[in-house]
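First up is the structure itself, then whatever we jot down about it.
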Amino acid sequence: MVGRSEVGYIDFRITKLSKHMYADLHIYHSASRLSSQRQVPSSQVTDSKLNKETLGFKSLPISSRHAANFDKIKTWQRECVDNHEKCREFPGMVAPTSMLPSRLLDVSGDKVRLECGVADLPAGLEFTTLSHMWGPDPSACPQLEVATLGKFAGDIPIGSLPGKYVYAIEITRALGYRYIWIDSLCIIQDSREDWQREAVKMAAVYGRSSCNISYTFPPAGDTAENFLRDPRVHLPCQAPLPEKKRSGSDSPTDNTLVIQYRPGYQRPSWSPTVYKRIWPLLSRGWVFQERLLCSRTVYFGQDRLMWECCTGITDEFYGPLTTVPGSKSHFHRVITGIASSLRTNDTAKPTNTASSSETSPKHHGNPNLDSDADATTADAQWGPLVRDYRAGDLTKEADRGIAFAGIVRAIAAHTGATYLAGLWRELFAYDLLWTVSPVAPAKDDSAQISVAYDPTMKPAPSWSWFSVRCARTLSGSDVLDFPFRTSMQTYRQFGLFEAPVVTYSHPLGDREDELLHNFADMKVVLRTKRVPCTLEWWEEFGMLCVLPHSDMRWVYGHQKNRIGDQWVSPRVLKYAHDDALVGREVSLPQNAQMILAVEQAWMVDPMDALLRRRAYNAENSETWKTSHQYAGLVVIPAGNGEWRRIGAFMYFDGFTGQLESPFDGAGEEDLTLV
Amino acid sequence: MMAAAPPPSLEGVAKIDFAKRFEASAPSDTVVTLHKLCSPCATFIQKSTFLQRLGRKDIKLGAEELGHVGSPRQWKEAYLAGDCHFCAMIWVRAGGYLFDPENPVEPVDVDAPAEVRLTARDPELEYQIMVENENDRTKKFWRKVAPSASM
C-alpha cells in the first residue's frame, strides 16, 4: 500500500513514450515528509524526505546574473558573517595581517579607479577578490602596465572592462564593499619585480578577502547563455488539492502535491574534483589556493549561484549540500588537524652550509605525533590536497611551486611546521612515501602523452614530488598519490623506527619566502639505514620490482601459507618507480640502495574478540598474531657522496609473525638526499 | 542495413537545443512564477482519483490510473510562454519535447489530449519484495546445485 507510506509516490508517464525512455515525473503528497537541512543534519536526511529548500520559491529570474540575485548573495554573506565563527576566524589562521596587496580597485560611486596607497588606508580594510581564468590569449585581458599606472589611478572606464569584471564589481558594491582586488589590474604585468612581490602575497590577499568572487568559465564562455536557466525544470512544482480534510492532518495547507523530476530528496552532488569538468576554473593550478584560502566564495558564471564558506556549500536552488573532500570546510580541518598533530617546538632553521642540528631517530612511536583520531584524519587530508593541486593546469609549469605557496604559508603560519619542498619536516619520513601512478593508457592513437616542461624551471630535489613532471593525455593525467604513506600513517603509534631529518640546506637559506617555492638545489640529510638492492622487471606482471640484497626472498618471503587449495605468498614488497613512463628499453639504474623511512610492528591477541591492536612485544610473539611493515626509498648515487631518489617501496607481512627485515644489522648513517 | 536510432537521452534538458528552450527565447531579465498551473493541468490534478487519494488513503502498490493532461501543442505553448510549471516539467523532464508539433520524434496527434499513466510506487516496499524474491531464487539455486548443503 502506497498512500500513507513515507516514501510512496505516484509515477507520472506519457503513455505514448517509448518503453525505453525513462522520463518520468514523481508526484508526492507534501507536508509530512518535508525536510530542511537547516534543521536536520545531513546524515539524517534520507532519500525518503523531500527537500524543503526547493519549495520555498514563488518566482525566480531566468538568469543567475539578475539583479535580484544580489540579495541572495547578501543573505549568504550576512548569515556567514553573523553566525559562522569558523569563517570569521579563518582569515586570522591563513593570512598574516601585516601583508596587504599594494593596490586595490576603488569601486565607490559610479567610477572605478586604482588605489595605489593601500598601506595608508585605515585599519580593518575590507575588500573582495576575483578569481578567474585569463584564457588562451592573455592580451585580451585588460592589464595594468607601468605605462598605464597613472591613468588607472585616475579612472578606469567601466566600458573597457570585460563582463566578468563588471559583474564582480556589481557584486562588490551590492555587498557594501568599496574595494576589490583583480590580479590583472592590481599587479603591474610588465614588471617581473612587481609580479614576484605581489605573487607571494596571494595567501594574504585571498585569505583576507571578505568574499572571493569566482567566475567559473573561461573568457570564451563569457556569454549570457551560460547564466540562463529555467527554474521550472529544476525545482519541484507544488500543486494544491481540493480542500478536503486529510486523516492525520488538521491543516488544509498540508494538502498539496509536490511534482519533481527525480524521486526522493533533491540535492545535487558537488565536489571540486568532479566539477573541474563542468567549471574549467577549478582545473587551474593558481585557482586552487585562491579558492581554499578565502573564507567565503560565491561562484558565478553558470546557471546557478553557489556559495562556499568554511562551514559548508549552498546551492541557489537546492540549499545546503553535503561537504566533500577538497571543499573549504575540509581544508579548514587540514589546517587545524595538522596543527594538533605536530609539535611546534622545532625551531631549526635552514643553513647555507651543512651544519647539523642533531636529532635522534625516534623509536617506538613518534613523540611529535599524537594518536588523536581527528588529527590523524585531518592529517590524512594532506595527501589528497597535494594530489588535487598537482593535477591542476598551469600556463607556466615553473609556477608549480609558487602557486601552492599560499597554502603552505597558511599551514606553516598556523602550525609552526617547517615546509621542505612539498613535504613537512615534522612528518618527513611519511611525506617521503609519495608515488606516481602512470597516466591511463590511451585508447586513441592521437592521445599522445605530453609531459609538462618549462625550460625556465629549475628542477626540484628528487625527494620532492615537485620533481616529477605531470604527464597527461587527452583522457587524463598521471596521479600523485600516497598509498604507502596512508598505510604507514594508520599504524604510526606502533613505530619501531622513523628516519628523522638531521638538517636541510638551501642556497637561499636566509630568505624564508624563497623556501616556499624555490626548491632548486635544496638538500636534506636523513638519518637512516641503507642496504644494497637491484631493480628487475617482473615479467609475469610487466612491472618493476626491487630486490633487497638482490634476493627475491625478500619480495615473496620465506614461507607460504595455504588457504584452501591455494598457496599464497604471505608477504609482499611493493615498489613504485618515480618515472612512471619508464620502459624495458631503458637500462635500469645500477648501484641502487634502499633506505628505510619508517618501520612498524603491532600485535593482535587472537583471543580478543574486538581484535584490538597492541604494540609489538617479543614475549608474546609466539601466541599473538604479529603484523610488520616498513617503507622507504630507493636511491642511487648522485656524486659527492649524495643520493638521488628514484622510487619508493613498502613491505607488509601480516601472516608470518616474523620481524626480520633486510635492514637488520644495517647501522644508522646520515645520508644527503638531493 | 540501417543502424538503429540511438535511444533518447535520459537528460531531457540536455536533449533540447538551447535555441528551443524557454530561457533562450525570453528576455534575460524575465522572472518566472513557480507553482503556477494552466487550466488543463489544474483540471487533471483536480479530477485524478489517484492524486486525490494520495496521502489520504492507501493505494495498492503498482496500481495504475490513466488520465489526460493537455496536448503536446498546449505543453509547448505553455512552456515557451513561461506560464505553467507542470507543462514545463512535462515538456522537458517527462519527454514531452519528443512530441514537438514542429518535429515529432514519436508519432502522435499533437492536438489531441495526451494520455498519461499514473502508477503507485514505493521504493522501500519494492526493494523489500525484490529481496524476498531474490532470496527465494537463491534458495532454489542452492537446493539445485548443492542439495546436501541446503538441507
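To be explicit about the labels: the chains of the C-alpha cells are called A, B, and onward in the order shown, and within each one the residues are counted from 1, while ligands get numbers from 1 in the order they are shown.
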
- Message: Excluding Glu64 of chain B and its own-chain neighbours fewer than 4 positions away, which residues fall within 7 Å of it when counting only C-alpha atoms? Please give them as JSON, numbers by chain.
- Response: {"B": [117, 118, 119, 120]}

- Query: Skipping near chain neighbours, those fewer than 5 positions away, what residues fall within 6 Å of segment 425-434 of chain A using only C-alpha atoms, listed as an NGL selection string?
  - Reply: :A and (418 or 481-482 or 484-485 or 499 or 597)

Generate a file of the selected residues that holds N, CA and C atoms, formatted as a compact mmCIF listing (two decimals), in the first residue's frame.
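Here's the written file selection_32.txt:
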```
# COMPACT_ATOMS: atom_id res chain seq x y z
N THR A 418 57.65 23.14 9.49
CA THR A 418 58.65 23.59 8.52
C THR A 418 58.41 22.92 7.18
N ASP A 481 50.06 10.09 -5.65
CA ASP A 481 49.22 9.55 -4.59
C ASP A 481 50.09 9.11 -3.41
N PHE A 482 49.43 8.73 -2.34
CA PHE A 482 50.15 8.42 -1.10
C PHE A 482 49.68 7.11 -0.49
N PHE A 484 51.35 4.34 0.20
CA PHE A 484 52.29 3.85 1.20
C PHE A 484 52.21 4.72 2.46
N ARG A 485 52.13 6.01 2.23
CA ARG A 485 52.05 6.94 3.36
C ARG A 485 50.81 6.66 4.19
N ALA A 499 62.89 7.63 10.31
CA ALA A 499 64.10 8.37 9.93
C ALA A 499 63.88 9.86 10.11
N ALA A 597 62.61 4.48 5.78
CA ALA A 597 61.97 5.70 6.30
C ALA A 597 61.19 5.40 7.58
```

Report as a Markdown table: every residue of chain B with an atom at most 6 Å from chain A, its closest pair of atoms, and their distance in Å to one decimal, counting only C-alpha atoms, with rows sorted by chain and ascending residue number.
```
| residue | atom | partner | partner_atom | distance |
| --- | --- | --- | --- | --- |
| B:Glu23 | CA | A:Asp230 | CA | 5.9 |
| B:Thr30 | CA | A:Pro61 | CA | 5.7 |
| B:Val31 | CA | A:Pro61 | CA | 3.9 |
| B:Val32 | CA | A:Ser59 | CA | 5.4 |
| B:Thr33 | CA | A:Ser59 | CA | 4.2 |
| B:Leu34 | CA | A:Lys58 | CA | 5.3 |
| B:His35 | CA | A:Cys237 | CA | 4.9 |
| B:Leu54 | CA | A:Gly3 | CA | 5.0 |
| B:Gly55 | CA | A:Gly3 | CA | 5.0 |
| B:Arg56 | CA | A:Arg246 | CA | 5.5 |
| B:Lys57 | CA | A:Gly3 | CA | 5.3 |
| B:Asp58 | CA | A:Gly3 | CA | 3.9 |
| B:Ile59 | CA | A:Gly3 | CA | 4.9 |
| B:Lys60 | CA | A:Met1 | CA | 4.4 |
| B:Leu61 | CA | A:Met1 | CA | 5.2 |
| B:His85 | CA | A:Arg232 | CA | 5.4 |
| B:Met89 | CA | A:Val233 | CA | 5.3 |
| B:Ala94 | CA | A:Ala23 | CA | 4.5 |
| B:Gly95 | CA | A:Ala23 | CA | 5.7 |
| B:Glu115 | CA | A:Thr15 | CA | 5.9 |
| B:Val116 | CA | A:Ile14 | CA | 4.3 |
| B:Arg117 | CA | A:Arg13 | CA | 5.2 |
| B:Leu118 | CA | A:Phe12 | CA | 4.9 |
| B:Thr119 | CA | A:Asp11 | CA | 4.9 |
| B:Ala120 | CA | A:Ile10 | CA | 4.7 |
| B:Arg121 | CA | A:Tyr9 | CA | 5.4 |
| B:Asp122 | CA | A:Gly8 | CA | 4.3 |
```

- Task: Would you return as an MDAnalysis selection string the members of segment 7-177 of chain A that DSSP assigns to alpha helix (DSSP H) on this structure's backbone?
- Result: chainID A and resid 68:83 85:94 149:154 163:174

- Item | Nearby residues (only C-alpha atoms) at most 7 Å from segment 182-187 of chain A, same-chain spacing under 4 positions excluded, as a list in words |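 Those residues are Arg103, Leu104, Thr129, Leu130, Pro142, Gln143, Leu144, Asp194, Trp195 and Glu198 of chain A.
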
Saved selection, atoms kept: C-alpha atoms, as a PDB file, in the first residue's frame:
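File selection_8.pdb, as written:
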```pdb
ATOM      1  CA  ARG A 103      46.947  48.083  -4.932  1.00  0.00           C
ATOM      2  CA  LEU A 104      43.180  47.667  -4.899  1.00  0.00           C
ATOM      3  CA  THR A 129      38.682  39.399  -4.777  1.00  0.00           C
ATOM      4  CA  LEU A 130      38.020  37.992  -8.222  1.00  0.00           C
ATOM      5  CA  PRO A 142      42.829  44.358 -19.552  1.00  0.00           C
ATOM      6  CA  GLN A 143      46.165  44.705 -17.810  1.00  0.00           C
ATOM      7  CA  LEU A 144      47.921  47.173 -15.582  1.00  0.00           C
ATOM      8  CA  ASP A 194      56.241  43.739  -9.016  1.00  0.00           C
ATOM      9  CA  TRP A 195      54.726  40.420 -10.042  1.00  0.00           C
ATOM     10  CA  GLU A 198      52.695  40.549  -5.194  1.00  0.00           C
TER      11      GLU A 198
END
```

- Top pick for closest residue to Gln74 of chain B, considering B:Glu106, B:Gly62, B:Ala112, B:Lys47 and counting only C-alpha atoms: B:Ala112

- Query: Mind pulling up the distance from atom CA of Arg208 of chain A to atom CA of Glu126 of chain A?
  - Reply: 7.8 Å

- For Gly647 of chain A, the closest of A:Asp478, A:Asp106, A:Asp393, A:Asp579 counting only C-alpha atoms is A:Asp579

Can you pull out the residues contacting segment 643-645 of chain A? Cut-off 6 Å, using only C-alpha atoms, and skip same-chain residues under 3 positions away; I want them as a PDB file with N, CA and C atoms, in the first residue's frame.
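And here's selection_22.pdb as it stands now:
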```
ATOM      1  N   SER A 462      65.073  15.497  -5.894  1.00  0.00           N
ATOM      2  CA  SER A 462      64.413  14.251  -6.303  1.00  0.00           C
ATOM      3  C   SER A 462      63.466  13.723  -5.235  1.00  0.00           C
ATOM      4  N   TRP A 463      63.707  14.044  -3.969  1.00  0.00           N
ATOM      5  CA  TRP A 463      62.849  13.528  -2.895  1.00  0.00           C
ATOM      6  C   TRP A 463      61.531  14.289  -2.784  1.00  0.00           C
ATOM      7  N   VAL A 634      64.121   4.097  -2.718  1.00  0.00           N
ATOM      8  CA  VAL A 634      65.237   3.530  -3.474  1.00  0.00           C
ATOM      9  C   VAL A 634      66.016   4.709  -4.040  1.00  0.00           C
ATOM     10  N   VAL A 635      67.310   4.722  -3.783  1.00  0.00           N
ATOM     11  CA  VAL A 635      68.139   5.865  -4.190  1.00  0.00           C
ATOM     12  C   VAL A 635      69.341   5.362  -4.982  1.00  0.00           C
ATOM     13  N   ILE A 636      69.930   6.272  -5.752  1.00  0.00           N
ATOM     14  CA  ILE A 636      71.155   5.951  -6.482  1.00  0.00           C
ATOM     15  C   ILE A 636      72.171   7.049  -6.199  1.00  0.00           C
ATOM     16  N   PRO A 637      73.461   6.754  -6.372  1.00  0.00           N
ATOM     17  CA  PRO A 637      74.475   7.780  -6.090  1.00  0.00           C
ATOM     18  C   PRO A 637      74.307   8.973  -7.031  1.00  0.00           C
ATOM     19  N   ALA A 638      74.490  10.168  -6.478  1.00  0.00           N
ATOM     20  CA  ALA A 638      74.367  11.398  -7.275  1.00  0.00           C
ATOM     21  C   ALA A 638      75.690  12.162  -7.298  1.00  0.00           C
ATOM     22  N   LEU A 673      70.311  13.667   0.728  1.00  0.00           N
ATOM     23  CA  LEU A 673      69.439  13.449  -0.428  1.00  0.00           C
ATOM     24  C   LEU A 673      69.346  14.728  -1.233  1.00  0.00           C
ATOM     25  N   VAL A 674      69.506  14.607  -2.540  1.00  0.00           N
ATOM     26  CA  VAL A 674      69.404  15.796  -3.405  1.00  0.00           C
ATOM     27  C   VAL A 674      68.303  15.589  -4.428  1.00  0.00           C
TER      28      VAL A 674
END
```

- Query: In Å, with one decimal, what is the gap from atom CA of Ser139 of chain A to atom CA of Ala391 of chain A?
  - Reply: 25.8 Å

- Item | Backbone-only DSSP, strand (DSSP E) members of segment 522-563 of chain A, as JSON, numbers by chain | {"A": [523, 524, 525, 526, 527, 528, 529, 530, 531, 532, 533, 534, 535, 536, 537, 538, 543, 544, 545, 546, 547, 548, 561, 562, 563]}

Given the selection you just returned, output its residues as a file containing C-alpha atoms, formatted as a short mmCIF file (atom, residue, chain, number, x, y, z; two decimals), in the first residue's frame.
```cif
data_model
loop_
_atom_site.label_atom_id
_atom_site.label_comp_id
_atom_site.auth_asym_id
_atom_site.auth_seq_id
_atom_site.Cartn_x
_atom_site.Cartn_y
_atom_site.Cartn_z
CA LYS A 523 69.25 19.17 0.22
CA VAL A 524 68.12 17.10 3.16
CA VAL A 525 70.24 14.98 5.47
CA LEU A 526 68.31 11.97 6.69
CA ARG A 527 69.43 9.63 9.48
CA THR A 528 68.50 6.22 8.13
CA LYS A 529 69.58 2.67 7.38
CA ARG A 530 70.76 1.57 3.97
CA VAL A 531 71.07 -1.76 2.14
CA PRO A 532 72.04 -2.53 -1.49
CA CYS A 533 69.36 -3.63 -3.93
CA THR A 534 68.73 -4.33 -7.58
CA LEU A 535 65.84 -3.44 -9.84
CA GLU A 536 64.34 -6.08 -12.11
CA TRP A 537 61.44 -6.32 -14.46
CA TRP A 538 58.80 -8.66 -13.13
CA MET A 543 56.28 -4.20 -13.69
CA LEU A 544 59.46 -3.22 -11.93
CA CYS A 545 60.34 -4.80 -8.64
CA VAL A 546 63.10 -4.10 -6.17
CA LEU A 547 65.18 -6.90 -4.63
CA PRO A 548 66.93 -6.11 -1.34
CA ASN A 561 50.57 -20.08 3.65
CA ARG A 562 47.91 -22.44 2.48
CA ILE A 563 44.38 -21.10 2.13
#
```

- Of the residues B:Cys41, B:Leu80, B:Ala88, B:Val108, which is the one nearest to His68 of chain B, using only C-alpha atoms?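 Closest residue, counting only C-alpha atoms: B:Cys41.
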
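If only C-alpha atoms are the atoms counted, then among B:Val110, B:Ala63, B:Cys84, B:Cys38 the closest residue to Tyr97 of chain B is B:Val110.
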